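Undergrad: mmCIF, C-alpha atoms and all ligand atoms, saved as work.cif, coming up:
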data_upload
loop_
_atom_site.group_PDB
_atom_site.id
_atom_site.type_symbol
_atom_site.label_atom_id
_atom_site.label_comp_id
_atom_site.auth_asym_id
_atom_site.auth_seq_id
_atom_site.Cartn_x
_atom_site.Cartn_y
_atom_site.Cartn_z
ATOM 1 C CA MET Q 1 3.563 22.716 22.203
ATOM 2 C CA PRO Q 2 6.428 24.871 20.978
ATOM 3 C CA ASP Q 3 5.015 28.359 21.279
ATOM 4 C CA ASN Q 4 7.943 30.659 21.985
ATOM 5 C CA LYS Q 5 11.004 31.893 20.136
ATOM 6 C CA THR Q 6 13.594 29.896 22.043
ATOM 7 C CA VAL Q 7 12.471 26.324 21.593
ATOM 8 C CA THR Q 8 15.170 23.997 20.300
ATOM 9 C CA ILE Q 9 14.695 21.166 17.812
ATOM 10 C CA GLY Q 10 15.073 18.623 20.615
ATOM 11 C CA GLU Q 11 12.519 20.385 22.807
ATOM 12 C CA ALA Q 12 10.061 20.813 19.952
ATOM 13 C CA LEU Q 13 10.322 17.087 19.280
ATOM 14 C CA ARG Q 14 9.651 16.151 22.904
ATOM 15 C CA GLN Q 15 6.773 18.588 23.269
ATOM 16 C CA GLY Q 16 5.201 17.492 19.991
ATOM 17 C CA ALA Q 17 5.382 13.800 20.915
ATOM 18 C CA THR Q 18 3.786 14.535 24.285
ATOM 19 C CA ARG Q 19 0.707 15.906 22.527
ATOM 20 C CA LEU Q 20 0.151 12.753 20.457
ATOM 21 C CA VAL Q 21 -1.525 10.801 23.239
ATOM 22 C CA ASN Q 22 -3.745 8.824 20.845
ATOM 23 C CA SER Q 23 -0.916 7.675 18.621
ATOM 24 C CA GLU Q 24 0.765 4.294 19.075
ATOM 25 C CA THR Q 25 4.001 5.834 17.775
ATOM 26 C CA PRO Q 26 4.141 9.402 19.160
ATOM 27 C CA GLN Q 27 7.945 9.797 18.977
ATOM 28 C CA LEU Q 28 8.167 8.531 15.427
ATOM 29 C CA ASP Q 29 5.208 10.629 14.274
ATOM 30 C CA ALA Q 30 6.620 13.787 15.863
ATOM 31 C CA ARG Q 31 10.031 13.124 14.313
ATOM 32 C CA ILE Q 32 8.609 12.694 10.800
ATOM 33 C CA LEU Q 33 6.427 15.795 11.167
ATOM 34 C CA LEU Q 34 9.268 17.927 12.531
ATOM 35 C CA LYS Q 35 11.553 16.863 9.661
ATOM 36 C CA HIS Q 36 8.746 17.761 7.260
ATOM 37 C CA ALA Q 37 8.082 21.142 8.913
ATOM 38 C CA LEU Q 38 11.763 22.080 8.886
ATOM 39 C CA GLY Q 39 12.681 20.429 5.581
ATOM 40 C CA ILE Q 40 15.549 18.466 7.144
ATOM 41 C CA ASP Q 41 16.610 14.815 7.254
ATOM 42 C CA ASP Q 42 17.302 12.414 10.143
ATOM 43 C CA GLY Q 43 20.983 13.353 10.303
ATOM 44 C CA ALA Q 44 20.238 17.073 10.668
ATOM 45 C CA LEU Q 45 17.536 16.366 13.242
ATOM 46 C CA ILE Q 46 20.089 14.621 15.452
ATOM 47 C CA ALA Q 47 23.046 16.891 14.707
ATOM 48 C CA CYS Q 48 21.056 20.099 15.259
ATOM 49 C CA ALA Q 49 18.986 18.998 18.285
ATOM 50 C CA SER Q 50 20.172 21.951 20.368
ATOM 51 C CA GLU Q 51 19.560 24.564 17.644
ATOM 52 C CA VAL Q 52 16.702 26.995 18.159
ATOM 53 C CA ILE Q 53 13.897 26.966 15.586
ATOM 54 C CA SER Q 54 12.180 30.116 14.393
ATOM 55 C CA GLU Q 55 8.715 31.188 15.409
ATOM 56 C CA SER Q 56 7.318 30.403 11.974
ATOM 57 C CA GLU Q 57 8.931 26.938 11.985
ATOM 58 C CA ALA Q 58 7.456 26.280 15.432
ATOM 59 C CA ALA Q 59 4.032 27.391 14.196
ATOM 60 C CA ARG Q 60 4.298 25.170 11.108
ATOM 61 C CA PHE Q 61 5.236 22.166 13.254
ATOM 62 C CA ALA Q 62 2.436 22.963 15.726
ATOM 63 C CA SER Q 63 -0.165 22.896 12.941
ATOM 64 C CA LEU Q 64 1.098 19.478 11.752
ATOM 65 C CA ILE Q 65 0.960 18.137 15.306
ATOM 66 C CA ASP Q 66 -2.605 19.499 15.623
ATOM 67 C CA ARG Q 67 -3.627 17.505 12.560
ATOM 68 C CA ARG Q 68 -1.980 14.324 13.834
ATOM 69 C CA ALA Q 69 -3.613 14.833 17.242
ATOM 70 C CA MET Q 70 -6.956 14.661 15.365
ATOM 71 C CA SER Q 71 -5.870 11.188 14.106
ATOM 72 C CA GLU Q 72 -5.006 12.253 10.556
ATOM 73 C CA PRO Q 73 -2.395 9.735 9.341
ATOM 74 C CA VAL Q 74 1.174 11.026 9.127
ATOM 75 C CA ALA Q 75 1.430 9.990 5.461
ATOM 76 C CA TYR Q 76 -1.561 12.160 4.478
ATOM 77 C CA ILE Q 77 -0.082 15.095 6.402
ATOM 78 C CA THR Q 78 3.313 14.853 4.714
ATOM 79 C CA GLY Q 79 1.850 13.600 1.405
ATOM 80 C CA GLU Q 80 4.359 10.780 1.141
ATOM 81 C CA LYS Q 81 5.000 7.211 2.235
ATOM 82 C CA GLU Q 82 7.866 4.824 1.573
ATOM 83 C CA PHE Q 83 7.103 1.326 0.301
ATOM 84 C CA TRP Q 84 9.700 -1.228 -0.755
ATOM 85 C CA SER Q 85 12.316 1.526 -0.207
ATOM 86 C CA LEU Q 86 10.635 3.678 -2.875
ATOM 87 C CA PRO Q 87 8.980 7.052 -2.174
ATOM 88 C CA PHE Q 88 5.274 7.344 -3.032
ATOM 89 C CA LYS Q 89 3.049 10.384 -3.177
ATOM 90 C CA VAL Q 90 -0.151 9.717 -1.243
ATOM 91 C CA THR Q 91 -3.366 11.658 -0.733
ATOM 92 C CA PRO Q 92 -6.661 10.663 0.903
ATOM 93 C CA ASP Q 93 -7.687 9.316 -2.534
ATOM 94 C CA VAL Q 94 -5.424 6.297 -2.044
ATOM 95 C CA LEU Q 95 -4.771 3.735 0.641
ATOM 96 C CA ILE Q 96 -1.503 4.381 2.464
ATOM 97 C CA PRO Q 97 0.900 1.609 1.352
ATOM 98 C CA ARG Q 98 1.541 -0.917 4.143
ATOM 99 C CA ASP Q 99 4.889 -2.644 4.683
ATOM 100 C CA ASP Q 100 3.053 -5.969 5.019
ATOM 101 C CA SER Q 101 2.088 -5.796 1.338
ATOM 102 C CA GLY Q 102 5.767 -6.427 0.633
ATOM 103 C CA ALA Q 103 4.820 -10.104 1.029
ATOM 104 C CA LEU Q 104 3.375 -9.948 -2.509
ATOM 105 C CA ILE Q 105 6.611 -8.530 -3.915
ATOM 106 C CA GLU Q 106 8.725 -11.090 -2.035
ATOM 107 C CA ALA Q 107 6.590 -13.934 -3.377
ATOM 108 C CA ALA Q 108 6.980 -12.680 -6.954
ATOM 109 C CA ILE Q 109 10.769 -12.390 -6.549
ATOM 110 C CA LYS Q 110 10.926 -15.870 -5.063
ATOM 111 C CA ARG Q 111 8.960 -17.455 -7.905
ATOM 112 C CA ARG Q 112 10.145 -15.634 -11.028
ATOM 113 C CA ARG Q 113 13.578 -14.757 -12.448
ATOM 114 C CA ARG Q 114 14.440 -11.049 -12.369
ATOM 115 C CA ASP Q 115 15.063 -10.890 -16.120
ATOM 116 C CA GLU Q 116 11.680 -12.311 -17.178
ATOM 117 C CA PRO Q 117 9.598 -10.072 -19.476
ATOM 118 C CA LEU Q 118 6.523 -10.491 -17.289
ATOM 119 C CA ARG Q 119 3.160 -9.037 -18.246
ATOM 120 C CA ILE Q 120 1.830 -7.805 -14.907
ATOM 121 C CA ALA Q 121 -1.672 -6.726 -13.886
ATOM 122 C CA ASP Q 122 -2.182 -4.906 -10.571
ATOM 123 C CA LEU Q 123 -5.856 -4.951 -9.612
ATOM 124 C CA GLY Q 124 -6.884 -2.037 -7.385
ATOM 125 C CA THR Q 125 -3.594 -0.268 -7.916
ATOM 126 C CA GLY Q 126 -4.311 2.720 -5.625
ATOM 127 C CA SER Q 127 -1.034 4.647 -5.273
ATOM 128 C CA GLY Q 128 0.580 2.204 -7.724
ATOM 129 C CA CYS Q 129 2.935 0.998 -4.987
ATOM 130 C CA LEU Q 130 2.775 -2.727 -5.839
ATOM 131 C CA LEU Q 131 3.177 -2.150 -9.567
ATOM 132 C CA CYS Q 132 6.128 0.233 -9.107
ATOM 133 C CA ALA Q 133 7.850 -2.121 -6.663
ATOM 134 C CA LEU Q 134 7.406 -5.049 -9.070
ATOM 135 C CA LEU Q 135 8.693 -3.066 -12.045
ATOM 136 C CA SER Q 136 11.700 -1.978 -9.990
ATOM 137 C CA GLU Q 137 12.507 -5.630 -9.303
ATOM 138 C CA PHE Q 138 11.703 -6.972 -12.795
ATOM 139 C CA PRO Q 139 13.377 -4.543 -15.218
ATOM 140 C CA ASN Q 140 12.033 -6.294 -18.345
ATOM 141 C CA ALA Q 141 8.441 -6.432 -17.122
ATOM 142 C CA GLN Q 142 5.519 -4.282 -18.209
ATOM 143 C CA GLY Q 143 2.404 -3.635 -16.205
ATOM 144 C CA VAL Q 144 -1.112 -2.365 -16.167
ATOM 145 C CA GLY Q 145 -2.741 -0.887 -13.093
ATOM 146 C CA VAL Q 146 -6.533 -1.026 -12.736
ATOM 147 C CA ASP Q 147 -8.620 1.014 -10.339
ATOM 148 C CA ARG Q 148 -12.196 2.183 -10.423
ATOM 149 C CA SER Q 149 -11.132 5.409 -8.706
ATOM 150 C CA GLU Q 150 -10.011 7.950 -11.305
ATOM 151 C CA ALA Q 151 -8.519 10.031 -8.489
ATOM 152 C CA ALA Q 152 -6.391 7.079 -7.377
ATOM 153 C CA LEU Q 153 -5.204 6.505 -10.949
ATOM 154 C CA GLY Q 154 -4.104 10.156 -11.059
ATOM 155 C CA ILE Q 155 -1.873 9.567 -8.032
ATOM 156 C CA ALA Q 156 -0.572 6.293 -9.483
ATOM 157 C CA ARG Q 157 0.332 8.088 -12.735
ATOM 158 C CA THR Q 158 2.313 10.675 -10.784
ATOM 159 C CA ASN Q 159 4.154 7.922 -8.907
ATOM 160 C CA VAL Q 160 5.127 5.836 -11.932
ATOM 161 C CA ALA Q 161 6.444 8.965 -13.653
ATOM 162 C CA ALA Q 162 8.425 10.075 -10.590
ATOM 163 C CA LEU Q 163 9.921 6.602 -10.197
ATOM 164 C CA GLY Q 164 10.940 6.391 -13.847
ATOM 165 C CA VAL Q 165 8.807 3.374 -14.771
ATOM 166 C CA GLY Q 166 6.074 5.268 -16.654
ATOM 167 C CA GLU Q 167 7.110 3.913 -20.052
ATOM 168 C CA ARG Q 168 6.445 0.367 -18.901
ATOM 169 C CA VAL Q 169 3.010 1.100 -17.411
ATOM 170 C CA ALA Q 170 -0.528 1.601 -18.646
ATOM 171 C CA PHE Q 171 -3.529 2.382 -16.492
ATOM 172 C CA ALA Q 172 -7.103 1.257 -16.960
ATOM 173 C CA PRO Q 173 -10.064 2.706 -15.115
ATOM 174 C CA GLY Q 174 -12.751 0.159 -14.313
ATOM 175 C CA ASP Q 175 -13.943 -2.823 -12.383
ATOM 176 C CA TRP Q 176 -11.117 -5.309 -11.623
ATOM 177 C CA LEU Q 177 -10.270 -7.230 -14.835
ATOM 178 C CA ALA Q 178 -13.151 -5.877 -16.927
ATOM 179 C CA PRO Q 179 -11.135 -3.122 -18.681
ATOM 180 C CA LEU Q 180 -8.250 -5.493 -19.559
ATOM 181 C CA THR Q 181 -7.530 -7.496 -22.680
ATOM 182 C CA GLY Q 182 -4.999 -10.275 -23.171
ATOM 183 C CA VAL Q 183 -3.370 -12.510 -20.590
ATOM 184 C CA PHE Q 184 -0.924 -11.819 -17.758
ATOM 185 C CA ASP Q 185 2.040 -13.747 -16.362
ATOM 186 C CA LEU Q 186 1.647 -12.142 -12.936
ATOM 187 C CA ILE Q 187 -1.581 -10.836 -11.453
ATOM 188 C CA VAL Q 188 -1.404 -9.127 -8.068
ATOM 189 C CA ALA Q 189 -4.236 -7.708 -6.024
ATOM 190 C CA ASN Q 190 -4.538 -6.062 -2.660
ATOM 191 C CA PRO Q 191 -8.288 -5.495 -2.830
ATOM 192 C CA PRO Q 192 -10.481 -4.138 -0.043
ATOM 193 C CA TYR Q 193 -11.066 -6.976 2.438
ATOM 194 C CA ILE Q 194 -12.499 -5.544 5.653
ATOM 195 C CA ALA Q 195 -15.960 -6.771 6.639
ATOM 196 C CA GLU Q 196 -18.416 -3.892 6.997
ATOM 197 C CA THR Q 197 -19.337 -5.249 10.419
ATOM 198 C CA GLU Q 198 -15.739 -4.595 11.537
ATOM 199 C CA ALA Q 199 -15.951 -0.870 10.782
ATOM 200 C CA PRO Q 200 -16.618 0.144 14.423
ATOM 201 C CA ALA Q 201 -13.436 -1.655 15.541
ATOM 202 C CA LEU Q 202 -11.158 0.211 13.127
ATOM 203 C CA SER Q 203 -8.856 2.909 14.437
ATOM 204 C CA ARG Q 204 -9.940 6.489 13.747
ATOM 205 C CA ASP Q 205 -6.789 6.986 11.632
ATOM 206 C CA VAL Q 206 -8.043 4.378 9.176
ATOM 207 C CA ALA Q 207 -11.831 4.688 9.386
ATOM 208 C CA SER Q 208 -12.036 8.484 9.153
ATOM 209 C CA TYR Q 209 -9.288 9.145 6.632
ATOM 210 C CA GLU Q 210 -8.603 6.253 4.246
ATOM 211 C CA PRO Q 211 -10.945 5.769 1.255
ATOM 212 C CA HIS Q 212 -13.974 3.612 2.051
ATOM 213 C CA ASP Q 213 -13.684 1.930 -1.351
ATOM 214 C CA ALA Q 214 -10.133 0.813 -0.513
ATOM 215 C CA LEU Q 215 -11.154 -0.748 2.804
ATOM 216 C CA PHE Q 216 -14.540 -2.441 2.785
ATOM 217 C CA ALA Q 217 -15.763 -5.423 0.776
ATOM 218 C CA GLY Q 218 -19.235 -6.435 1.865
ATOM 219 C CA VAL Q 219 -20.586 -8.160 4.940
ATOM 220 C CA GLU Q 220 -17.757 -10.703 5.272
ATOM 221 C CA GLY Q 221 -15.047 -8.725 3.502
ATOM 222 C CA LEU Q 222 -14.920 -11.269 0.680
ATOM 223 C CA ASP Q 223 -16.888 -9.516 -2.077
ATOM 224 C CA ALA Q 224 -13.830 -8.262 -3.953
ATOM 225 C CA TYR Q 225 -12.215 -11.730 -4.003
ATOM 226 C CA SER Q 226 -15.430 -13.277 -5.364
ATOM 227 C CA ALA Q 227 -15.651 -10.665 -8.109
ATOM 228 C CA ILE Q 228 -11.979 -10.987 -9.074
ATOM 229 C CA ILE Q 229 -11.962 -14.792 -9.015
ATOM 230 C CA ARG Q 230 -15.063 -14.858 -11.236
ATOM 231 C CA GLN Q 231 -13.234 -12.770 -13.836
ATOM 232 C CA LEU Q 232 -9.737 -14.256 -13.495
ATOM 233 C CA PRO Q 233 -9.717 -17.498 -15.533
ATOM 234 C CA SER Q 234 -9.430 -15.994 -19.005
ATOM 235 C CA PHE Q 235 -6.704 -13.514 -17.943
ATOM 236 C CA VAL Q 236 -4.098 -15.860 -16.427
ATOM 237 C CA ALA Q 237 -1.360 -16.773 -18.926
ATOM 238 C CA GLU Q 238 -0.123 -20.326 -19.218
ATOM 239 C CA GLY Q 239 2.232 -20.864 -16.278
ATOM 240 C CA GLY Q 240 0.883 -17.692 -14.654
ATOM 241 C CA LEU Q 241 1.313 -16.525 -11.073
ATOM 242 C CA VAL Q 242 -1.503 -14.970 -9.030
ATOM 243 C CA LEU Q 243 -0.837 -13.252 -5.679
ATOM 244 C CA MET Q 244 -3.571 -11.783 -3.497
ATOM 245 C CA GLU Q 245 -3.315 -10.078 -0.125
ATOM 246 C CA CYS Q 246 -6.010 -10.696 2.506
ATOM 247 C CA GLY Q 247 -6.663 -10.248 6.201
ATOM 248 C CA SER Q 248 -4.886 -12.631 8.574
ATOM 249 C CA THR Q 249 -8.095 -14.532 9.346
ATOM 250 C CA GLN Q 250 -9.102 -14.870 5.686
ATOM 251 C CA THR Q 251 -6.191 -16.863 4.273
ATOM 252 C CA GLU Q 252 -7.826 -20.282 4.387
ATOM 253 C CA THR Q 253 -11.044 -18.970 2.901
ATOM 254 C CA LEU Q 254 -9.180 -17.214 0.101
ATOM 255 C CA ALA Q 255 -7.061 -20.306 -0.597
ATOM 256 C CA ALA Q 256 -10.260 -22.378 -0.807
ATOM 257 C CA MET Q 257 -11.786 -19.853 -3.220
ATOM 258 C CA LEU Q 258 -8.661 -20.052 -5.405
ATOM 259 C CA GLN Q 259 -9.117 -23.810 -5.708
ATOM 260 C CA GLU Q 260 -11.781 -23.089 -8.301
ATOM 261 C CA LEU Q 261 -8.965 -21.912 -10.549
ATOM 262 C CA ALA Q 262 -5.884 -23.976 -9.752
ATOM 263 C CA PRO Q 263 -4.870 -27.445 -8.563
ATOM 264 C CA GLU Q 264 -4.440 -27.718 -4.806
ATOM 265 C CA ASN Q 265 -0.663 -28.186 -4.996
ATOM 266 C CA ALA Q 266 -0.299 -24.913 -6.913
ATOM 267 C CA ILE Q 267 -1.887 -22.896 -4.108
ATOM 268 C CA PHE Q 268 0.182 -21.326 -1.328
ATOM 269 C CA THR Q 269 -0.062 -18.909 1.583
ATOM 270 C CA LEU Q 270 1.719 -15.552 1.890
ATOM 271 C CA TYR Q 271 3.114 -14.331 5.230
ATOM 272 C CA ASP Q 272 3.760 -10.791 6.431
ATOM 273 C CA LEU Q 273 6.866 -9.483 8.195
ATOM 274 C CA ALA Q 274 5.616 -10.735 11.558
ATOM 275 C CA GLY Q 275 5.040 -14.229 10.131
ATOM 276 C CA ARG Q 276 1.229 -13.887 10.101
ATOM 277 C CA PRO Q 277 -0.633 -15.333 7.130
ATOM 278 C CA ARG Q 278 -1.602 -12.376 4.941
ATOM 279 C CA GLY Q 279 -2.541 -13.697 1.551
ATOM 280 C CA ALA Q 280 -2.787 -16.562 -0.864
ATOM 281 C CA GLY Q 281 -1.921 -17.255 -4.436
ATOM 282 C CA PHE Q 282 -1.278 -19.893 -7.034
ATOM 283 C CA ASP Q 283 1.546 -20.658 -9.384
ATOM 284 C CA LEU Q 284 0.755 -22.567 -12.574
ATOM 285 C CA ARG Q 285 4.364 -22.900 -13.679
ATOM 286 C CA LYS Q 286 5.382 -26.536 -14.049
ATOM 287 C CA GLY Q 287 7.735 -27.710 -11.360
ATOM 288 C CA GLU Q 288 6.698 -24.993 -8.886
ATOM 289 C CA LYS Q 289 5.347 -26.286 -5.622
ATOM 290 C CA GLY Q 290 3.133 -24.493 -3.118
ATOM 291 C CA ASP Q 291 4.779 -23.655 0.225
HETATM 292 C C1 LIG B 301 -6.729 -1.918 -0.430
HETATM 293 S S1 LIG B 301 -6.545 -0.703 -1.706
HETATM 294 C C2 LIG B 301 -4.970 -1.211 -2.377
HETATM 295 C C3 LIG B 301 -4.191 -0.120 -3.014
HETATM 296 C C4 LIG B 301 -2.754 -0.521 -3.392
HETATM 297 N N1 LIG B 301 -2.746 -1.608 -4.340
HETATM 298 C C5 LIG B 301 -1.954 -0.894 -2.164
HETATM 299 O O1 LIG B 301 -1.625 -2.078 -2.011
HETATM 300 O O2 LIG B 301 -1.661 -0.007 -1.348
HETATM 301 C C6 LIG B 301 -7.736 -1.311 -2.876
HETATM 302 C C7 LIG B 301 -7.897 -0.503 -4.155
HETATM 303 O O3 LIG B 301 -8.920 -1.149 -4.938
HETATM 304 C C8 LIG B 301 -9.710 -0.164 -5.576
HETATM 305 N N2 LIG B 301 -11.003 -0.765 -5.898
HETATM 306 C C9 LIG B 301 -12.060 -1.010 -5.077
HETATM 307 N N3 LIG B 301 -13.037 -1.617 -5.752
HETATM 308 C C10 LIG B 301 -12.612 -1.769 -7.033
HETATM 309 C C11 LIG B 301 -13.174 -2.354 -8.197
HETATM 310 N N4 LIG B 301 -14.403 -2.893 -8.193
HETATM 311 N N5 LIG B 301 -12.440 -2.351 -9.326
HETATM 312 C C12 LIG B 301 -11.191 -1.798 -9.357
HETATM 313 N N6 LIG B 301 -10.603 -1.239 -8.275
HETATM 314 C C13 LIG B 301 -11.302 -1.229 -7.127
HETATM 315 C C14 LIG B 301 -9.773 0.979 -4.573
HETATM 316 O O4 LIG B 301 -10.082 2.204 -5.213
HETATM 317 C C15 LIG B 301 -8.367 0.946 -3.968
HETATM 318 O O5 LIG B 301 -7.495 1.810 -4.659
#
Can the structure from this file be put into structure tokens for me?
TA:
Amino acid sequence: MPDNKTVTIGEALRQGATRLVNSETPQLDARILLKHALGIDDGALIACASEVISESEAARFASLIDRRAMSEPVAYITGEKEFWSLPFKVTPDVLIPRDDSGALIEAAIKRRRRDEPLRIADLGTGSGCLLCALLSEFPNAQGVGVDRSEAALGIARTNVAALGVGERVAFAPGDWLAPLTGVFDLIVANPPYIAETEAPALSRDVASYEPHDALFAGVEGLDAYSAIIRQLPSFVAEGGLVLMECGSTQTETLAAMLQELAPENAIFTLYDLAGRPRGAGFDLRKGEKGD
């Protein structure tokens, strides 16, 4: 670890990465943490690689590397995570946004015109990342984010304000659709979907740091879907679109559950960036076909 007065940025980076033996991405983690410790961007990190950092900067970086070496996720250490090219504040009260959840945003963009005045509900909004991404893509839309974690809603409120979409958003504390009134043109949900029996197989980064309520959903991981699908029918507007993320092995089960609510040809699968099935949904708009 950098522990003397003459370490350069490049050396600090190498030494920091070497300590992250349990990380799958040690170089990337060390780079993000060094940028955070020094308050610099990627360009400066490269351009100034041979510059010496001060003792206090080295100590600050060392303490961040210590935390990461204990498996604390990088996003909780820096307090931020990018999703859909937007910056989000994150704390251990919210799930860290995952790039794969972009599949929900892509599906919405593919199935609705950008200028539509959609009424959006985001169930289990967490950091508010899905709602903010959708509102950034649909400038005439309005949305409501639901979460039963008041702490999560506090973070989501901060994010919508920082991203300039606060005037188009309301938040509702409570259980899935229970606090809502009216109908919605687009309902998205990335609910907890990990089976409790899978807990021992989770990485320490996830299991020890991310909120239990954002991860686990009963013995088979399906409890949240059952609860949401029970409540959904009276909240979907005519011609509405419903998009739900799930685990890669759950897509068929979720699609079958959605058949209670929509004709088979309205139901479709969502795929993540690697082409793995990662969700299901239905589109009640006439003329739309499942894919
Ligand atoms: C997997 S996280 C998703 C967070 C965010 N939407 C995202 O995609 O990063 C699930 C969220 O659902 C919330 N949640 C869990 N059970 C809930 C319930 N019964 N009603 C409302 N929200 C719930 C959790 O607090 C958590 O914020």
Undergrad: Selection in question (the file shown): the PyMOL selection byres (((not hetatm)) within 8 of (chain B and resi 301)). Which residues does it include, as a PDB file with C-alpha atoms, keeping the file's coordinate frame?
TA:
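For reference, result_0.pdb as written:
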ATOM      1  CA  ASP Q  93      -7.687   9.316  -2.534  1.00  0.00           C
ATOM      2  CA  VAL Q  94      -5.424   6.297  -2.044  1.00  0.00           C
ATOM      3  CA  LEU Q  95      -4.771   3.735   0.641  1.00  0.00           C
ATOM      4  CA  ILE Q  96      -1.503   4.381   2.464  1.00  0.00           C
ATOM      5  CA  PRO Q  97       0.900   1.609   1.352  1.00  0.00           C
ATOM      6  CA  ARG Q  98       1.541  -0.917   4.143  1.00  0.00           C
ATOM      7  CA  SER Q 101       2.088  -5.796   1.338  1.00  0.00           C
ATOM      8  CA  ASP Q 122      -2.182  -4.906 -10.571  1.00  0.00           C
ATOM      9  CA  LEU Q 123      -5.856  -4.951  -9.612  1.00  0.00           C
ATOM     10  CA  GLY Q 124      -6.884  -2.037  -7.385  1.00  0.00           C
ATOM     11  CA  THR Q 125      -3.594  -0.268  -7.916  1.00  0.00           C
ATOM     12  CA  GLY Q 126      -4.311   2.720  -5.625  1.00  0.00           C
ATOM     13  CA  SER Q 127      -1.034   4.647  -5.273  1.00  0.00           C
ATOM     14  CA  GLY Q 128       0.580   2.204  -7.724  1.00  0.00           C
ATOM     15  CA  CYS Q 129       2.935   0.998  -4.987  1.00  0.00           C
ATOM     16  CA  LEU Q 130       2.775  -2.727  -5.839  1.00  0.00           C
ATOM     17  CA  LEU Q 131       3.177  -2.150  -9.567  1.00  0.00           C
ATOM     18  CA  VAL Q 146      -6.533  -1.026 -12.736  1.00  0.00           C
ATOM     19  CA  ASP Q 147      -8.620   1.014 -10.339  1.00  0.00           C
ATOM     20  CA  ARG Q 148     -12.196   2.183 -10.423  1.00  0.00           C
ATOM     21  CA  SER Q 149     -11.132   5.409  -8.706  1.00  0.00           C
ATOM     22  CA  ALA Q 152      -6.391   7.079  -7.377  1.00  0.00           C
ATOM     23  CA  PRO Q 173     -10.064   2.706 -15.115  1.00  0.00           C
ATOM     24  CA  GLY Q 174     -12.751   0.159 -14.313  1.00  0.00           C
ATOM     25  CA  ASP Q 175     -13.943  -2.823 -12.383  1.00  0.00           C
ATOM     26  CA  TRP Q 176     -11.117  -5.309 -11.623  1.00  0.00           C
ATOM     27  CA  LEU Q 177     -10.270  -7.230 -14.835  1.00  0.00           C
ATOM     28  CA  ALA Q 189      -4.236  -7.708  -6.024  1.00  0.00           C
ATOM     29  CA  ASN Q 190      -4.538  -6.062  -2.660  1.00  0.00           C
ATOM     30  CA  PRO Q 191      -8.288  -5.495  -2.830  1.00  0.00           C
ATOM     31  CA  PRO Q 192     -10.481  -4.138  -0.043  1.00  0.00           C
ATOM     32  CA  TYR Q 193     -11.066  -6.976   2.438  1.00  0.00           C
ATOM     33  CA  PRO Q 211     -10.945   5.769   1.255  1.00  0.00           C
ATOM     34  CA  ASP Q 213     -13.684   1.930  -1.351  1.00  0.00           C
ATOM     35  CA  ALA Q 214     -10.133   0.813  -0.513  1.00  0.00           C
ATOM     36  CA  LEU Q 215     -11.154  -0.748   2.804  1.00  0.00           C
ATOM     37  CA  ALA Q 224     -13.830  -8.262  -3.953  1.00  0.00           C
ATOM     38  CA  ALA Q 227     -15.651 -10.665  -8.109  1.00  0.00           C
TER      39      ALA Q 227
END
Undergrad: Take atom CA of Gln15 of chain Q and atom CA of Pro73 of chain Q and report the distance between them in Å, one decimal.
TA: 18.9 Å
Undergrad: Can you spell out as a PDB file with C-alpha atoms, keeping the file's coordinate frame the set of residues that the PyMOL selection byres (((chain Q and resi 169-171) around 9) and not hetatm) selects in the structure I just provided?
TA:
ATOM      1  CA  THR Q 125      -3.594  -0.268  -7.916  1.00  0.00           C
ATOM      2  CA  LEU Q 131       3.177  -2.150  -9.567  1.00  0.00           C
ATOM      3  CA  CYS Q 132       6.128   0.233  -9.107  1.00  0.00           C
ATOM      4  CA  LEU Q 135       8.693  -3.066 -12.045  1.00  0.00           C
ATOM      5  CA  GLN Q 142       5.519  -4.282 -18.209  1.00  0.00           C
ATOM      6  CA  GLY Q 143       2.404  -3.635 -16.205  1.00  0.00           C
ATOM      7  CA  VAL Q 144      -1.112  -2.365 -16.167  1.00  0.00           C
ATOM      8  CA  GLY Q 145      -2.741  -0.887 -13.093  1.00  0.00           C
ATOM      9  CA  VAL Q 146      -6.533  -1.026 -12.736  1.00  0.00           C
ATOM     10  CA  ASP Q 147      -8.620   1.014 -10.339  1.00  0.00           C
ATOM     11  CA  LEU Q 153      -5.204   6.505 -10.949  1.00  0.00           C
ATOM     12  CA  ALA Q 156      -0.572   6.293  -9.483  1.00  0.00           C
ATOM     13  CA  ARG Q 157       0.332   8.088 -12.735  1.00  0.00           C
ATOM     14  CA  VAL Q 160       5.127   5.836 -11.932  1.00  0.00           C
ATOM     15  CA  VAL Q 165       8.807   3.374 -14.771  1.00  0.00           C
ATOM     16  CA  GLY Q 166       6.074   5.268 -16.654  1.00  0.00           C
ATOM     17  CA  GLU Q 167       7.110   3.913 -20.052  1.00  0.00           C
ATOM     18  CA  ARG Q 168       6.445   0.367 -18.901  1.00  0.00           C
ATOM     19  CA  ALA Q 172      -7.103   1.257 -16.960  1.00  0.00           C
ATOM     20  CA  PRO Q 173     -10.064   2.706 -15.115  1.00  0.00           C
TER      21      PRO Q 173
END
Undergrad: Starting from 6 Å padding per side, set up an axis-aligned box that covers all listed atoms of segment 83-98 of chain Q and hand over centre and edge lengths in Å, one decimal, as lines of an AutoDock Vina configuration file.
TA:
center_x = 2.3
center_y = 5.2
center_z = 0.5
size_x = 32.0
size_y = 24.9
size_z = 19.3
Undergrad: How far is it from atom CA of Ile228 of chain Q to atom CA of Gly240 of chain Q, in Å with one decimal?
TA: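 Distance reported for this atom pair: 15.5 Å.
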Undergrad: Using only C-alpha atoms, find the one residue out of Q:Asp100, Q:Glu150, Q:Asp185, Q:Asp283 that sits nearest to Ser248 of chain Q.
TA: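 Of Q:Asp100, Q:Glu150, Q:Asp185, Q:Asp283, the one nearest Ser248 of chain Q, counting only C-alpha atoms, is Q:Asp100.
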Undergrad: Name all residues at most 12 Å from Phe138 of chain Q (count all atoms listed in the file; drop same-chain ones fewer than 6 positions away) and give them as a ChimeraX atom specification.
TA: /Q:105-106,108-120,131-132,165,168,186
